[in-house]
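Chemist: So that we are looking at the same thing, I have put the structure below in structure tokens.
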Amino acid sequence: MSDATQARYSLGAIILHWAIAIAVIVNWRIAEAAEHGTDAEKMAIMANHKALGITILALSVLRLGWRLTHKAPPLAQSLAGWEKLLARVTHVVFYVMLIGLPIGGWLGVSYYGNAVDIFGLFTVPALPVGVDKDAGEAVLDLHHEGAEILLLLIALHILGALKHSFYDKVPSLSRMWVSR
Ligand code: HEM
Ligand code: HEM
């Protein structure tokens, strides 16, 4: 498509993309920071991790809803078939992870019988699974591994965006940025 204004995501999609991207990276750093504290510090830091994680879940469900009801701007014609496929697969896996990962975290803490306090504003109840600490531990192990997969995906995604913009010189970053 030659008209760049038509080949751009809508403002709502762009705002959600960047809000979620920043929140995911901040939440990963928060979880890492909790590793190096005393137990009390860890609890306080993880409370923020859980609240931000549930916020990411809500934003991602909203975003997926938007995505399923709107067409994304078509990818540049000049991209190779495998590049288009890789971009699409990456995006689909992103949605799976952005929703699956926080649900996994929520399920994990639910197995410990804990609700999630959302920044002191309201409480999201534990999922009705009953207390089972072994299951909680197993689910949180998976949550940890899932987060590592998400980080690899983010690295791949950033490399793709940079390659398309600066090496292939096709619109990529501009598609996810507001028009000047
Ligand atoms: C946690 C980090 C991030 C997540 C979870 C994420 C997720 C996504 C998803 C799911 C899409 C697909 C949109 C759709 O069609 O439904 C997308 C598109 C895009 N993202 Fe990200 N993103 C992240 C970070 C970044 C960063 C850091 C950059 C820039 C270097 C970036 C640049 C883009 C661009 C340019 C597109 C549009 C791709 C296209 O041409 O269709 N993203 N992102
Ligand atoms: C997209 C959102 C999320 C991301 C990216 C994320 C990422 C991570 C990462 C990277 C870790 C591992 C930290 C480490 O040990 O090095 C972690 C641990 C943890 N996350 Fe999340 N998380 C998210 C959402 C949630 C949610 C919604 C909850 C609960 C409501 C949660 C609960 C936990 C807990 C309890 C741990 C500690 C597990 C342990 O003790 O080993 N997370 N998370």
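Going by the structure tokens order, chains are called A, B, ..., each with residues numbered from 1, while ligands are numbered from 1 in the order shown.
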Give as a PyMOL selection string the residues surrounding ligand 1 up to a distance of 6 Å, considering only C-alpha atoms and all ligand atoms.
Modeler: chain A and resi 21+24-25+67+72+75+91+94-95+154+158+161+172-173+175-176
Chemist: Give me, as number ranges by chain, all polymer residues having an atom no more than 9 Å from Asn27 in chain A, counting only C-alpha atoms and skipping those fewer than 6 positions away in the same chain.
Modeler: A: 48-50, 52-53
Chemist: For the contact check between chain A and ligand 2, emit one row per residue of chain A within 9 Å, containing the shortest atom pair and the distance in Å rounded to one decimal, counting only C-alpha atoms and all ligand atoms, chain then rising number order, as CSV.
Modeler:
residue,atom,partner,partner_atom_place_in_ligand_line,distance
A:Ile20,CA,ligand 2,1 (C),8.5
A:Ala23,CA,ligand 2,1 (C),7.9
A:Val24,CA,ligand 2,5 (C),4.9
A:Ile25,CA,ligand 2,5 (C),6.9
A:Val26,CA,ligand 2,5 (C),8.2
A:Asn27,CA,ligand 2,5 (C),5.5
A:Trp28,CA,ligand 2,10 (C),4.6
A:Arg29,CA,ligand 2,10 (C),7.4
A:Ile30,CA,ligand 2,13 (C),8.1
A:Ala31,CA,ligand 2,13 (C),4.4
A:Glu32,CA,ligand 2,16 (O),4.7
A:Ala33,CA,ligand 2,16 (O),8.1
A:Ala34,CA,ligand 2,13 (C),7.4
A:Glu35,CA,ligand 2,15 (O),6.0
A:Met46,CA,ligand 2,35 (C),6.7
A:Ala47,CA,ligand 2,30 (C),8.3
A:His49,CA,ligand 2,42 (N),6.0
A:Lys50,CA,ligand 2,30 (C),4.0
A:Ala51,CA,ligand 2,30 (C),6.6
A:Leu52,CA,ligand 2,27 (C),6.9
A:Gly53,CA,ligand 2,27 (C),3.6
A:Ile54,CA,ligand 2,27 (C),4.3
A:Thr55,CA,ligand 2,27 (C),7.7
A:Ile56,CA,ligand 2,1 (C),5.7
A:Leu57,CA,ligand 2,1 (C),6.7
A:Ser60,CA,ligand 2,1 (C),8.9
A:Met97,CA,ligand 2,1 (C),7.5
A:Leu98,CA,ligand 2,1 (C),5.4
A:Ile99,CA,ligand 2,1 (C),7.3
A:Gly100,CA,ligand 2,1 (C),8.2
A:Leu101,CA,ligand 2,1 (C),5.6
A:Pro102,CA,ligand 2,27 (C),3.8
A:Ile103,CA,ligand 2,27 (C),6.1
A:Gly104,CA,ligand 2,26 (C),7.0
A:Gly105,CA,ligand 2,28 (C),3.6
A:Trp106,CA,ligand 2,30 (C),3.6
A:Leu107,CA,ligand 2,29 (C),7.2
A:Gly108,CA,ligand 2,35 (C),6.7
A:Val109,CA,ligand 2,35 (C),5.8
A:Ser110,CA,ligand 2,30 (C),8.0
A:Asn114,CA,ligand 2,30 (C),8.9
A:Ala115,CA,ligand 2,30 (C),8.0
A:Val116,CA,ligand 2,30 (C),5.9
A:Asp117,CA,ligand 2,30 (C),8.9
A:Val124,CA,ligand 2,30 (C),8.8
A:Ala126,CA,ligand 2,30 (C),8.8
A:Gly136,CA,ligand 2,35 (C),9.0
A:Glu137,CA,ligand 2,41 (O),7.5
A:Val139,CA,ligand 2,38 (C),8.8
A:Leu140,CA,ligand 2,38 (C),5.0
A:Asp141,CA,ligand 2,41 (O),6.0
A:His143,CA,ligand 2,43 (N),6.3
A:His144,CA,ligand 2,12 (C),4.6
A:Glu145,CA,ligand 2,12 (C),7.9
A:Gly146,CA,ligand 2,7 (C),8.0
A:Ala147,CA,ligand 2,10 (C),4.8
A:Glu148,CA,ligand 2,10 (C),6.5
A:Leu150,CA,ligand 2,5 (C),7.3
A:Leu151,CA,ligand 2,5 (C),8.1
Chemist: Determine which residues of range 63-144 of chain A DSSP labels as strand (DSSP E) from the backbone of this structure, then write them out as a ChimeraX atom specification.
Modeler: /A:116-118,122-124
Chemist: Using CA of Ala76 in chain A and CA of Val61 in chain A as the two end points, give the distance in Å to one decimal.
Modeler: 27.0 Å
